[in-house]
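Peer 1: Below is the file final_16.cif, which contains mmCIF, C-alpha atoms and all ligand atoms.
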data_final
#
loop_
_atom_site.group_PDB
_atom_site.id
_atom_site.type_symbol
_atom_site.label_atom_id
_atom_site.label_comp_id
_atom_site.auth_asym_id
_atom_site.auth_seq_id
_atom_site.Cartn_x
_atom_site.Cartn_y
_atom_site.Cartn_z
ATOM 1 C CA MET W 78 33.818 39.243 -16.036
ATOM 2 C CA ASN W 79 30.850 40.061 -18.244
ATOM 3 C CA LYS W 80 28.866 43.307 -18.208
ATOM 4 C CA LEU W 81 26.181 41.874 -15.917
ATOM 5 C CA PHE W 82 28.650 40.741 -13.257
ATOM 6 C CA GLU W 83 30.537 44.026 -13.486
ATOM 7 C CA ALA W 84 27.253 45.787 -12.751
ATOM 8 C CA ILE W 85 26.556 43.441 -9.812
ATOM 9 C CA ASN W 86 30.063 44.118 -8.515
ATOM 10 C CA ASP W 87 29.349 47.872 -8.756
ATOM 11 C CA GLN W 88 26.156 47.320 -6.791
ATOM 12 C CA ILE W 89 28.269 46.170 -3.811
ATOM 13 C CA ASN W 90 29.770 49.654 -3.848
ATOM 14 C CA ALA W 91 26.340 51.294 -4.124
ATOM 15 C CA GLU W 92 25.016 49.296 -1.152
ATOM 16 C CA MET W 93 28.100 50.012 0.937
ATOM 17 C CA PHE W 94 27.731 53.680 0.063
ATOM 18 C CA SER W 95 24.112 53.439 1.272
ATOM 19 C CA ALA W 96 25.436 52.138 4.600
ATOM 20 C CA TYR W 97 27.962 54.968 4.724
ATOM 21 C CA LEU W 98 25.299 57.548 3.881
ATOM 22 C CA TYR W 99 22.875 56.299 6.553
ATOM 23 C CA GLN W 100 25.648 56.141 9.134
ATOM 24 C CA ALA W 101 26.463 59.773 8.261
ATOM 25 C CA MET W 102 22.793 60.632 8.790
ATOM 26 C CA ALA W 103 22.928 58.793 12.142
ATOM 27 C CA ALA W 104 25.967 60.810 13.182
ATOM 28 C CA ASP W 105 24.285 64.080 12.194
ATOM 29 C CA MET W 106 21.022 63.217 13.971
ATOM 30 C CA GLU W 107 23.013 62.245 17.085
ATOM 31 C CA ASP W 108 24.678 65.652 16.902
ATOM 32 C CA LYS W 109 21.275 67.320 16.665
ATOM 33 C CA GLY W 110 20.020 65.480 19.788
ATOM 34 C CA PHE W 111 17.791 62.931 18.036
ATOM 35 C CA THR W 112 19.228 59.743 19.502
ATOM 36 C CA GLY W 113 16.207 57.638 18.452
ATOM 37 C CA ILE W 114 16.400 58.777 14.828
ATOM 38 C CA ALA W 115 20.162 58.183 14.928
ATOM 39 C CA HIS W 116 19.472 54.649 16.124
ATOM 40 C CA TRP W 117 17.020 54.129 13.242
ATOM 41 C CA PHE W 118 19.640 55.227 10.705
ATOM 42 C CA THR W 119 22.250 52.971 12.320
ATOM 43 C CA ALA W 120 19.874 50.003 11.952
ATOM 44 C CA GLN W 121 19.352 51.057 8.323
ATOM 45 C CA ALA W 122 23.115 51.212 7.749
ATOM 46 C CA GLN W 123 23.393 47.647 9.079
ATOM 47 C CA GLU W 124 20.730 46.480 6.616
ATOM 48 C CA GLU W 125 22.648 48.064 3.770
ATOM 49 C CA MET W 126 25.769 46.105 4.686
ATOM 50 C CA VAL W 127 23.658 42.946 4.531
ATOM 51 C CA HIS W 128 22.492 43.965 1.045
ATOM 52 C CA ALA W 129 26.103 44.549 -0.012
ATOM 53 C CA MET W 130 27.128 41.151 1.339
ATOM 54 C CA LYS W 131 24.281 39.386 -0.485
ATOM 55 C CA PHE W 132 25.731 40.654 -3.786
ATOM 56 C CA TYR W 133 29.255 39.865 -2.590
ATOM 57 C CA ARG W 134 28.353 36.212 -1.814
ATOM 58 C CA TYR W 135 26.383 35.854 -5.029
ATOM 59 C CA ILE W 136 29.354 36.860 -7.176
ATOM 60 C CA ILE W 137 31.541 34.305 -5.386
ATOM 61 C CA GLU W 138 28.908 31.558 -5.622
ATOM 62 C CA ARG W 139 28.808 32.117 -9.370
ATOM 63 C CA GLY W 140 32.565 31.622 -9.610
ATOM 64 C CA GLU W 141 33.497 35.253 -10.239
ATOM 65 C CA LYS W 142 35.842 37.522 -8.301
ATOM 66 C CA VAL W 143 34.702 40.428 -6.140
ATOM 67 C CA THR W 144 36.615 43.686 -6.605
ATOM 68 C CA LEU W 145 35.974 46.353 -3.986
ATOM 69 C CA LYS W 146 36.272 49.947 -5.113
ATOM 70 C CA ALA W 147 36.664 53.306 -3.344
ATOM 71 C CA LEU W 148 33.684 54.695 -1.485
ATOM 72 C CA GLU W 149 32.607 58.277 -2.050
ATOM 73 C CA ALA W 150 32.387 60.470 1.070
ATOM 74 C CA PRO W 151 28.739 61.032 2.006
ATOM 75 C CA GLN W 152 27.198 64.401 2.864
ATOM 76 C CA ALA W 153 27.824 65.152 6.547
ATOM 77 C CA THR W 154 24.964 67.417 7.598
ATOM 78 C CA TRP W 155 21.309 67.932 6.846
ATOM 79 C CA LYS W 156 19.173 70.906 7.841
ATOM 80 C CA ASP W 157 16.920 68.778 10.036
ATOM 81 C CA ALA W 158 15.386 65.304 10.321
ATOM 82 C CA LYS W 159 12.899 66.099 7.542
ATOM 83 C CA ALA W 160 15.731 66.940 5.137
ATOM 84 C CA ALA W 161 17.548 63.721 6.080
ATOM 85 C CA PHE W 162 14.488 61.570 5.365
ATOM 86 C CA GLU W 163 13.861 63.436 2.111
ATOM 87 C CA ALA W 164 17.435 62.630 1.091
ATOM 88 C CA ALA W 165 16.961 59.005 2.233
ATOM 89 C CA LEU W 166 13.853 58.647 0.072
ATOM 90 C CA GLU W 167 15.619 60.143 -2.942
ATOM 91 C CA HIS W 168 18.530 57.795 -2.401
ATOM 92 C CA GLU W 169 16.260 54.753 -2.216
ATOM 93 C CA LYS W 170 14.609 55.761 -5.500
ATOM 94 C CA TYR W 171 18.059 55.892 -7.043
ATOM 95 C CA ILE W 172 18.866 52.418 -5.683
ATOM 96 C CA THR W 173 15.544 51.080 -7.000
ATOM 97 C CA ALA W 174 16.443 52.345 -10.476
ATOM 98 C CA ARG W 175 19.807 50.588 -10.216
ATOM 99 C CA ILE W 176 18.184 47.298 -9.169
ATOM 100 C CA ASN W 177 15.681 47.549 -12.021
ATOM 101 C CA ASN W 178 18.558 48.079 -14.404
ATOM 102 C CA LEU W 179 20.267 44.937 -13.068
ATOM 103 C CA VAL W 180 17.075 42.977 -13.765
ATOM 104 C CA LYS W 181 17.110 44.325 -17.334
ATOM 105 C CA LEU W 182 20.734 43.278 -17.793
ATOM 106 C CA ALA W 183 20.033 39.794 -16.370
ATOM 107 C CA ARG W 184 17.123 39.374 -18.794
ATOM 108 C CA LYS W 185 19.222 40.536 -21.708
ATOM 109 C CA ALA W 186 21.881 37.982 -20.787
ATOM 110 C CA ASP W 187 19.279 35.214 -20.319
ATOM 111 C CA ASP W 188 20.735 34.762 -16.823
ATOM 112 C CA TYR W 189 17.697 33.337 -15.023
ATOM 113 C CA ALA W 190 19.543 32.597 -11.774
ATOM 114 C CA THR W 191 20.573 36.242 -11.453
ATOM 115 C CA GLU W 192 17.095 37.420 -12.298
ATOM 116 C CA ILE W 193 15.638 35.236 -9.537
ATOM 117 C CA MET W 194 18.291 36.412 -7.046
ATOM 118 C CA LEU W 195 17.310 40.008 -7.889
ATOM 119 C CA HIS W 196 13.635 39.398 -7.096
ATOM 120 C CA TRP W 197 14.461 39.695 -3.396
ATOM 121 C CA PHE W 198 15.932 43.154 -4.019
ATOM 122 C CA VAL W 199 12.982 44.287 -6.147
ATOM 123 C CA THR W 200 10.639 43.501 -3.246
ATOM 124 C CA GLU W 201 13.039 44.949 -0.691
ATOM 125 C CA GLN W 202 13.164 48.260 -2.576
ATOM 126 C CA VAL W 203 9.384 48.604 -2.330
ATOM 127 C CA GLU W 204 9.796 48.367 1.459
ATOM 128 C CA GLU W 205 12.811 50.664 1.553
ATOM 129 C CA GLU W 206 10.941 53.440 -0.241
ATOM 130 C CA ALA W 207 7.779 52.835 1.812
ATOM 131 C CA HIS W 208 9.621 53.148 5.145
ATOM 132 C CA ALA W 209 11.297 56.442 4.236
ATOM 133 C CA ASN W 210 8.024 57.733 2.781
ATOM 134 C CA GLU W 211 6.008 56.810 5.893
ATOM 135 C CA ILE W 212 8.388 58.570 8.257
ATOM 136 C CA LEU W 213 8.582 61.603 6.003
ATOM 137 C CA ALA W 214 4.784 61.803 5.851
ATOM 138 C CA LYS W 215 4.638 61.761 9.673
ATOM 139 C CA ILE W 216 7.208 64.551 9.957
ATOM 140 C CA LYS W 217 5.299 66.653 7.419
ATOM 141 C CA LEU W 218 2.065 66.053 9.303
ATOM 142 C CA MET W 219 3.673 67.165 12.550
ATOM 143 C CA GLY W 220 5.192 70.222 10.885
ATOM 144 C CA ASN W 221 8.482 69.593 12.728
ATOM 145 C CA ALA W 222 6.784 70.532 16.055
ATOM 146 C CA PRO W 223 9.240 69.831 18.928
ATOM 147 C CA ASN W 224 6.811 67.776 21.078
ATOM 148 C CA ALA W 225 5.812 65.596 18.176
ATOM 149 C CA MET W 226 9.437 65.195 17.062
ATOM 150 C CA TYR W 227 10.287 64.052 20.580
ATOM 151 C CA LEU W 228 7.671 61.291 20.313
ATOM 152 C CA LEU W 229 8.810 60.306 16.815
ATOM 153 C CA ASP W 230 12.388 60.134 18.080
ATOM 154 C CA ARG W 231 11.251 57.707 20.792
ATOM 155 C CA GLU W 232 9.280 55.625 18.305
ATOM 156 C CA LEU W 233 12.168 55.316 15.835
ATOM 157 C CA GLY W 234 14.542 54.509 18.670
ATOM 158 C CA ALA W 235 12.679 51.226 19.162
ATOM 159 C CA ARG W 236 13.652 49.830 15.738
ATOM 160 C CA PRO W 237 15.398 46.487 16.243
ATOM 161 C CA VAL W 238 19.020 46.421 15.110
ATOM 162 C CA LEU W 239 20.299 43.437 13.132
ATOM 163 C CA PHE W 240 23.279 42.964 15.407
ATOM 164 C CA THR W 241 24.489 44.633 18.563
ATOM 165 C CA MET W 242 27.952 46.067 18.835
ATOM 166 C CA PRO W 243 30.402 45.017 21.546
ATOM 167 C CA ALA W 244 30.002 46.824 24.895
ATOM 168 C CA ASN W 245 30.798 50.555 24.859
ATOM 169 C CA THR W 246 30.319 50.891 21.117
ATOM 170 C CA ALA W 247 26.575 50.061 20.965
ATOM 171 C CA ASP W 248 24.400 52.975 19.985
HETATM 172 FE FE1 LIG G 301 19.977 48.512 -0.112
HETATM 173 O O1 LIG G 301 18.377 49.293 -0.014
HETATM 174 FE FE2 LIG G 301 18.568 50.943 0.719
HETATM 175 O O2 LIG G 301 19.867 51.622 -0.284
#
Have the structure of the file written as structure tokens, please.
Ligand code: OFO
Peer 2:
Amino acid sequence: MNKLFEAINDQINAEMFSAYLYQAMAADMEDKGFTGIAHWFTAQAQEEMVHAMKFYRYIIERGEKVTLKALEAPQATWKDAKAAFEAALEHEKYITARINNLVKLARKADDYATEIMLHWFVTEQVEEEAHANEILAKIKLMGNAPNAMYLLDRELGARPVLFTMPANTAD
């Protein structure tokens, strides 16, 4: 496996870690009584698994072998919802830098197919950062006021999930 495909294989791990991180944020927000925000993070975790699987399928389509590696344990608690979204935004910036680096590697290898596949992720990262930023801006505006947080919790609870879990496990 060449350096580019090794880096794509590592990106599966990074995306799965994103899912793990957002699910940890969901669990913490649930614990803090924000069921709507927890739901939002669960939907985000689902999206991250889709990202991981896009890389997974791509490696196979190109005739290479996927090798899954150990996942790091994510942080388990955040001070409040604001801190969780700050961490989410930071994490997305880190993922954006990783995607940009993959584009660089694809260009260096003259691998046009990989570069085109990565375009979807470049665009997606703009959205990922924008979503976290938007929510964070709202929380800052509201100054963490309980009434406003209650309304934000309701708003974020309406985010559509990508798939629903079997009965009794749905969030
Ligand atoms: Fe996969 O975009 Fe977020 O991490």
Peer 1: Check which residues of chain W sit at most 9 Å from ligand LIG 301 (chain G) using all atoms listed in the file, and return one row each with the closest pair of atoms and their distance in Å to one decimal, ordered by chain and rising number, as CSV.
Peer 2:
residue,atom,partner,partner_atom,distance
W:Ala91,CA,G:LIG301,O2,7.5
W:Glu92,CA,G:LIG301,FE1,5.2
W:Met93,CA,G:LIG301,FE1,8.3
W:Phe94,CA,G:LIG301,O2,8.1
W:Ser95,CA,G:LIG301,O2,4.9
W:Ala96,CA,G:LIG301,O2,7.4
W:Tyr99,CA,G:LIG301,O2,8.8
W:Gln121,CA,G:LIG301,FE2,7.6
W:Ala122,CA,G:LIG301,FE2,8.4
W:Glu124,CA,G:LIG301,FE1,7.1
W:Glu125,CA,G:LIG301,FE1,4.7
W:Met126,CA,G:LIG301,FE1,7.9
W:Val127,CA,G:LIG301,FE1,8.1
W:His128,CA,G:LIG301,FE1,5.3
W:Ala129,CA,G:LIG301,FE1,7.3
W:Ala165,CA,G:LIG301,O2,8.3
W:His168,CA,G:LIG301,O2,6.7
W:Glu169,CA,G:LIG301,O2,5.2
W:Lys170,CA,G:LIG301,O2,8.5
W:Tyr171,CA,G:LIG301,O2,8.2
W:Ile172,CA,G:LIG301,O2,5.5
W:Thr173,CA,G:LIG301,O1,7.7
W:Phe198,CA,G:LIG301,O1,7.7
W:Glu201,CA,G:LIG301,O1,6.9
W:Gln202,CA,G:LIG301,O1,5.9
W:Glu204,CA,G:LIG301,O1,8.8
W:Glu205,CA,G:LIG301,FE2,5.8
W:Glu206,CA,G:LIG301,FE2,8.1
Peer 1: Calculate how many Å separate CA of Lys131 in chain W from CA of Asp188 in chain W, rounding to one decimal.
Peer 2: 17.3 Å
Peer 1: When you count all atoms listed in the file, which of these residues is closest to Phe162 in chain W: W:Ala84, W:Ile136, W:Ile216, W:Val180?
Peer 2: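 Smallest distance to Phe162 in chain W is found for W:Ile216.
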Peer 1: Calculated over all atoms listed in the file, which of the candidates W:Arg184, W:Lys146, W:Arg134, W:Lys159 has the smallest distance to Glu211 in chain W?
Peer 2: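 Closest to Glu211 in chain W of all the choices is W:Lys159.
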Peer 1: Step by step: start from the point (9.9, 53.9, 8.3) in the file's coordinates, keep every protein, DNA or RNA residue that has an atom no farther than 12 Å from it, count only C-alpha atoms, and write the set as a PyMOL selection string.
Peer 2: chain W and resi 114+117-118+120-121+162+165-166+203-216+229-230+232-236
Peer 1: Using only C-alpha atoms, which of W:Phe132, W:Tyr97, W:Trp155, W:Phe111 sits nearest Leu179 in chain W?
Peer 2: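 Closest to Leu179 in chain W, using only C-alpha atoms: W:Phe132.
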Peer 1: How far is it from CA of Val238 in chain W to CA of His116 in chain W, in Å with one decimal?
Peer 2: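 Computed distance, CA of Val238 in chain W to CA of His116 in chain W, equals 8.3 Å.
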Peer 1: Kindly give the distance, in Å, that separates CA of Glu138 in chain W and CA of Leu239 in chain W, rounded to a single decimal.
Peer 2: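 We find that CA of Glu138 in chain W and CA of Leu239 in chain W lie 23.8 Å from each other.
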Peer 1: Residues near Ala183 in chain W, anyone? I mean within 10 Å using all atoms listed in the file, not counting same-chain ones fewer than 2 positions away, as a list in words.
Peer 2: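 Surrounding residues, per the criterion: Lys80, Leu81, Phe82, Ile85, Asn177, Asn178, Leu179, Val180, Lys181, Lys185, Ala186, Asp187, Asp188, Tyr189, Ala190, Thr191, Glu192, Ile193 and Leu195 of chain W.
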Peer 1: Return the padded bounding box of range 93-105 of chain W as JSON: axis-aligned, built from all atoms listed in the file, 4 Å added on each side, with centre and edge lengths in Å to one decimal.
Peer 2:
{"center_x": 25.4, "center_y": 57.0, "center_z": 6.6, "size_x": 13.3, "size_y": 22.1, "size_z": 21.1}
Peer 1: Considering all atoms listed in the file, can you say which of W:Thr200, W:Gln152, W:Thr144, W:Asn221 comes closest to Ile89 in chain W?
Peer 2: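 When distances to Ile89 in chain W are compared using all atoms listed in the file, the smallest one comes from W:Thr144.
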Peer 1: Please enumerate the residues selected by the PyMOL selection byres (((chain W and resi 105) around 10) and not hetatm) when evaluated against the supplied file, formatted as a PyMOL selection string.
Peer 2: chain W and resi 99-104+106-112+114-115+152-158+161
